[in-house]
Amino acid sequence: MSDPILVAENLSLSFGEVRALDGVDVTIEAGEIRCLAGENGSGKSTFVKIVSGVYVPSQGTVTVGGAPLTHHDPREAISAGVQVIYQDLSLFDHLSVAENIAINVMLHEGTRYVRRSRMHAIAREQLERMGVELPLDEPVGSLSMANKQLVAIARALSMDAKVLFMDEPTTAITTKEVDRLLTIVQDLKARGLSIVFISHKLDEVFEIADTITIFRDGRKVGDFPASELDNDSLSFHMTGREVLHKPYEREPRDDDGASTPLLQITNLTKEPHYRDVSLEVRPGDVVGLTGLLGAGRTELALSLFGLNRPESGTVTVQGSKVDIREPWDAIDLGIALVPENRALQGLFSSTSIGKNISSTRLDALLTKLRLVDGKAERELAHRTVHEAGVNNKNIDALVGNLSGGNAQKVVIGKWMATEPTVFILDSPTVGIDIGSKAEIYDRIHELARSGKGVILISDEPDEILVNCNKVLVMHEGDVIARYDDADRKAPDFKERLAKVISDPQSVRAAHQGAA
Amino acid sequence: MKKISPFQAVMHRRATTMEKYLTVIIIVYVAVVSIKNPLFFTAETAFDMVRSGSGTMLLALGVLLVLVSGGIDVSFPAVAVVSAYLAILTVDRTGIDSLWLALAVSIAIGILLGAFNALLIHFLKLPTLIVTLGTGSVFHGLMAVVFGTDDFTTGEMPQSLLDFGNASLMTVTDAATGQRYSLTIFLPIVILAIVGVWFLLNRTMLGRSIYAIGSNEESASRLGVSLLRTKLFIYTFVGGMAGLMGIILFSELKNANPTATLIGSELMVIAAVVIGGAKLTGGEGTVLGTILGVVTIQLFQQTLVLLGLSTLWSQVFFGSVLLFSLAVMYRRQRLADRRNLVFTAA
């Protein structure tokens, strides 16, 4: 065995009282794929920032390729061969693909005059190494997320990287794109490059990782062979406790026979997003909507919230036919939506928690003079942060400073405050730690038990399984499978669901065979 | 094979939307004016436009750099007046009646004041608009306090500057009236500045770093682009340009007033650069677009008379073109976003 590429020994770092990292040892071999897992605040990001020279450790050493880092600045780490691709990718949207890839090399060579031919040569060399083709003169801003990621990887490789860290690389790209990414990663590994993924959920990257290093509360829990971990054991190691999600049970209701559904959609169509979608939400229903990226789930949810007007078909709310043209139509009808992109669409990041919460209820908070009643606003905000279990109870704190889980609790809380009859949640637990996840599930169950309806959009079969009593699987705009409560209780349901989601063609073929 | 236009072959890029819009607007306007009034296509019109547009063009090039980097500068009119007035004062007091001395002093003071802006922006981490609004006000106010209305009249102006203002590359004599029109010496200076800024922005690492900073400052600094050094360059460059422009301005006016009000002109210059396609959010902007923007302003200011309209209309025309073209551009973007179900503001 050759020497390890990166050795971190006894790394510690404190921020004030908080011990962000406490005596961590990590060794990464050449040509290894490693995964760093842990909840928010577990120390994995701090670890990466020390190794890449952004933070200076209060104790411990980092050795890259046999030589210890002494200055702890990013330039030193980069020349030693450490490259980090952050989740935001750090690209320049206005500059061309070629320039984005070549800028690193040119900056470090001290280039003064830019030649387009040289820029193209650097970019082409890196892209060829990865075996991909991209339009070199296009501005990066016009590329898809997956292609942006490839540009970021090409740029990292251009600096002679020995070990490449990638922060949550698969959250924003489709399954097909993930496959392409993983192929490229395997290929890089075969050439002796080490790749370290940072992730907090069991997903595709775990499958190709050799070893998974788990962090919790600033310490390393241990190194585990990827093959020995499953969802439950990973959760256990990450949280230090057994996390059990109790599946949702819809109890039979007295009015089941007679009542009209809360929401009924019939043959709803909006090309090219989705077509002929029918579904029914009765009191107490949690309807799961799943499928690969591009299935049309989010587009359907936006239609129900007045942001993507359908072309044909009908929507009926509590028995009467409705035309939802704008979000406030939806709100008046008692429909609420937790959008897919929390930071950009769900919150006013630079305003306080309290103002975010009251934003959905301002109509109900008016005094006789039609001014906002400050006292009532604060009361509502206080009540909501407590009910929603936001960790920061100071309603004047900025929402932008909350962690993902707590920010999502604010989003859910502000919509709960409108007392919706149909609550649509689009991928509500993406990027959220396990503890907050369980609390969000509890709230969904609670709402459904009180006789309201929920539509839950999710990628994860596990999430669908513990929350929904009805499931629709979509693919490229079509509903390709439906399951009811009885299906769900079958012991092999999770496997069946996962298969339908990942291989929709099989169901389509079966349908065509039957027809 | 992909088809490549001649423009693309030379510039290695496609023309931006705003460049296309402006070109069309300019062609249509020129066609209308020349049909209405044959006097349009004369040396007089062309020479007048060059003379009055030179200062604006120099300032616009400086502003382009600032906008590309994601900042904004409103202090340059004050910087121009301070630098040029102090330069003329220096020439007057030392008795060395030299254009070169005046230019050197004026540009040096412009650079100094620009560096002051850059340091405040970098270390106070304040928005660039606030900093330059403040410094511009201070520079302008100090001139009024120290020098009052103590201006240099035409008789008191250094001879070298008066000569500079009158110097011409060529002279055309109108056969009918016997009047002589001259093409100002400012033209080669402006052309040199245009070529220089184009080269800087497109062919040097420094220029590309300015685009990178404007595109994403955080990412640029992660890659090792020095924010302090780049910003120092940008704001000293605008300062230097303002210093040069100040001398040109006073030479052309043939007097120098310490409180000469260029106020209001800064927004006109910024508007010219914006209409040329530079975004206030940074990362975008081209030299060609800036030239077209300045030409549009100059056309309206100099040639509306030929249509029988007072020059007061020029602001109305320019404002309308600005609103119309940007509205069309942003609306197209918004519709595209809406179709793709993107609901975030660009």
# chains A, B, ... in the order shown; residues from 1 in each chain; ligands from 1
>>> interface_residues(of="chain B", to="chain A", cutoff="9 Å", atoms="only C-alpha atoms", output="PyMOL selection string")
chain B and resi 12-13+200+202-206+208-209+211-216+218-220+222-225+283-284+338-339+341+343-344
>>> residues_around(residues="region 15-32 of chain B", least_positions_apart="4", cutoff="8 Å", atoms="only C-alpha atoms", output="list in words")
Phe7, Gln8, Lys36, Ile275, Gly276, Gly277, Leu288, Gly289, Leu292, Gly293, Thr296, Ser325 and Met329 of chain B
>>> closest_residue(among="A:Thr175, A:Ser233, A:Thr384, A:Thr316", to="Leu268 (chain A)", atoms="only C-alpha atoms")
A:Thr316
>>> atom_distance(atom1="CA of Ile434 (chain A)", atom2="CA of Ser235 (chain A)")
7.3 Å
>>> residues_around(residues="Pro188 (chain B)", least_positions_apart="3", cutoff="12 Å", atoms="only C-alpha atoms", output="ChimeraX atom specification")
/B:50-51,54,58,168-169,183-185,191-196
>>> residues_around(residues="Asp97 (chain B)", least_positions_apart="4", cutoff="12 Å", atoms="only C-alpha atoms", output="ChimeraX atom specification")
/B:87-93,101-103,156-164
